[in-house]
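Read through the structure below, which is laid out as structure tokens, and then see the notes.
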Amino acid sequence: MVNMIRRVWIEPEDEVGFDPYEDSADVMVELEDGQLWAAAFVTVPYLQRQMYLSGEMAAGISSTTPPVRFVALETPHVIVENLLHDTIEDTIDYLMTLGIFESVFIHHTDDHLVM
């Protein structure tokens with residue numbers, strides 16, 4: 001039996017200043033069986049901005065090593081063209097169809113996330 005999506009929440013979709021083409025968003029998915037899953041969705045411009053900021057920080061730390069622009073992603077991230085609701089829902093559908101949803105999303109149970 002296939003577990004279908006009941007609801008998708010995108011934070012901070014409704015906040016002032018949120019730019020779906022240049023920001024990041026936490027996405028929560030509720031499946032029909034009540035399970036909750038969470039993932040971080042980001043755009044390429046967001047990653048580039050993070051790389052720029054890390055380069056600026058590195059430049060201020062050491063004068064002996066050239067600054068390096070980098071992004072260290074500790075948790076799974078889904079990189080998308082934009083953070084529009086339809087794009088995120090379609091991406092989730094593809095992740096489920098490809099059988100990799102559970103490798104990208106973190107299962108949320110009883111007030112904590114299960115990795």
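Naming scheme: A, B, ... for chains in displayed order of the structure tokens; residues 1 onward per chain; ligands 1 onward as shown.
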Next item on the list: Write out as a PyMOL selection string each polymer residue whose atoms come within 7 Å of Arg7 of chain A, counting only C-alpha atoms; drop sequence neighbours fewer than 4 positions from it.
Entry: chain A and resi 29-31
Next item on the list: Tell me which protein, DNA and RNA residues are within 12 Å of Tyr94 of chain A, counting only C-alpha atoms, leaving out same-chain ones fewer than 6 positions away, and put them as a list in words.
Entry: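 So the residues in contact are Val78, Thr87, Ile88, Ile100, Phe101 and Val104 of chain A.
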Checklist line | Contact residues around Glu102 of chain A with only C-alpha atoms at 12 Å, ignoring same-chain residues under 5 positions, as a ChimeraX atom specification | finding: /A:29,35-39,76,92,95-97,107-108,114-115
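Once Tyr21 of chain A and its same-chain neighbours fewer than 3 positions away are set aside, Phe18, Ser24, Thr43, Val44, Pro45, Tyr46, Glu81, Asn82, Leu83 and Leu84 of chain A remain within 9 Å of it when counting only C-alpha atoms.
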Go ahead and write the selection's residues with C-alpha atoms as an mmCIF file, in the first residue's frame.
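The new file part25.cif reads:
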data_model
loop_
_atom_site.group_PDB
_atom_site.id
_atom_site.type_symbol
_atom_site.label_atom_id
_atom_site.label_comp_id
_atom_site.auth_asym_id
_atom_site.auth_seq_id
_atom_site.Cartn_x
_atom_site.Cartn_y
_atom_site.Cartn_z
ATOM 1 C CA PHE A 18 10.539 35.504 1.952
ATOM 2 C CA SER A 24 15.640 28.335 2.174
ATOM 3 C CA THR A 43 17.814 27.341 -3.733
ATOM 4 C CA VAL A 44 21.161 27.718 -5.511
ATOM 5 C CA PRO A 45 21.297 31.497 -4.782
ATOM 6 C CA TYR A 46 20.843 30.689 -1.080
ATOM 7 C CA GLU A 81 15.071 25.926 -8.525
ATOM 8 C CA ASN A 82 12.500 27.734 -6.365
ATOM 9 C CA LEU A 83 10.507 27.290 -3.172
ATOM 10 C CA LEU A 84 7.058 27.706 -4.682
#
Checklist line | All strand (DSSP E or B) residues (DSSP, backbone) inside chain A, as a ChimeraX atom specification | finding: /A:5-11,24-31,36-43,77-80,106-109,112-114
Margin query: Report as a list in words all protein, DNA and RNA residues lying within 7 Å of Phe41 of chain A, evaluated on only C-alpha atoms, omitting residues in the same chain fewer than 5 positions from it.
Written below: Ser24, Ala25, Asp26, Val27, His77, Val78, Ile79 and Val80 of chain A
Selection to disk with N, CA and C atoms, as a tab-separated table (two decimals), in the first residue's frame:
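Saved file part-v3.tsv follows:
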chain	number	residue	atom	x	y	z
A	24	SER	N	15.74	29.72	1.75
A	24	SER	CA	15.64	28.34	2.17
A	24	SER	C	14.31	28.17	2.90
A	25	ALA	N	13.86	26.94	3.04
A	25	ALA	CA	12.60	26.69	3.73
A	25	ALA	C	12.64	25.32	4.40
A	26	ASP	N	12.07	25.26	5.59
A	26	ASP	CA	11.86	23.97	6.24
A	26	ASP	C	10.52	23.44	5.74
A	27	VAL	N	10.51	22.18	5.37
A	27	VAL	CA	9.29	21.58	4.82
A	27	VAL	C	8.89	20.40	5.70
A	77	HIS	N	19.70	18.12	2.49
A	77	HIS	CA	19.05	19.28	1.89
A	77	HIS	C	18.57	18.89	0.49
A	78	VAL	N	17.45	19.45	0.10
A	78	VAL	CA	16.95	19.27	-1.25
A	78	VAL	C	17.17	20.60	-1.96
A	79	ILE	N	17.95	20.58	-3.03
A	79	ILE	CA	18.25	21.79	-3.77
A	79	ILE	C	17.26	21.89	-4.92
A	80	VAL	N	16.52	23.00	-4.94
A	80	VAL	CA	15.47	23.20	-5.94
A	80	VAL	C	15.65	24.55	-6.63
Note to self: I'd like the contact shell of Leu47 of chain A - 10 Å cut-off, only C-alpha atoms, skipping same-chain residues fewer than 4 positions apart - returned as a VMD selection string.
What the structure shows: chain A and resid 22 to 24 42 to 43 51 to 53 70 to 73 79
Notebook entry, point to check: Per DSSP on the backbone, what are the alpha helix (DSSP H) residues of segment 17-58 of chain A, as a list of chain:residue names?
Noted result: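 Assigned to alpha helix (DSSP H), within segment 17-58 of chain A: A:Val44, A:Pro45, A:Tyr46, A:Leu47, A:Gln48, A:Arg49, A:Gln50, A:Met51, A:Tyr52, A:Leu53, A:Ser54, A:Gly55, A:Glu56, A:Met57, A:Ala58.
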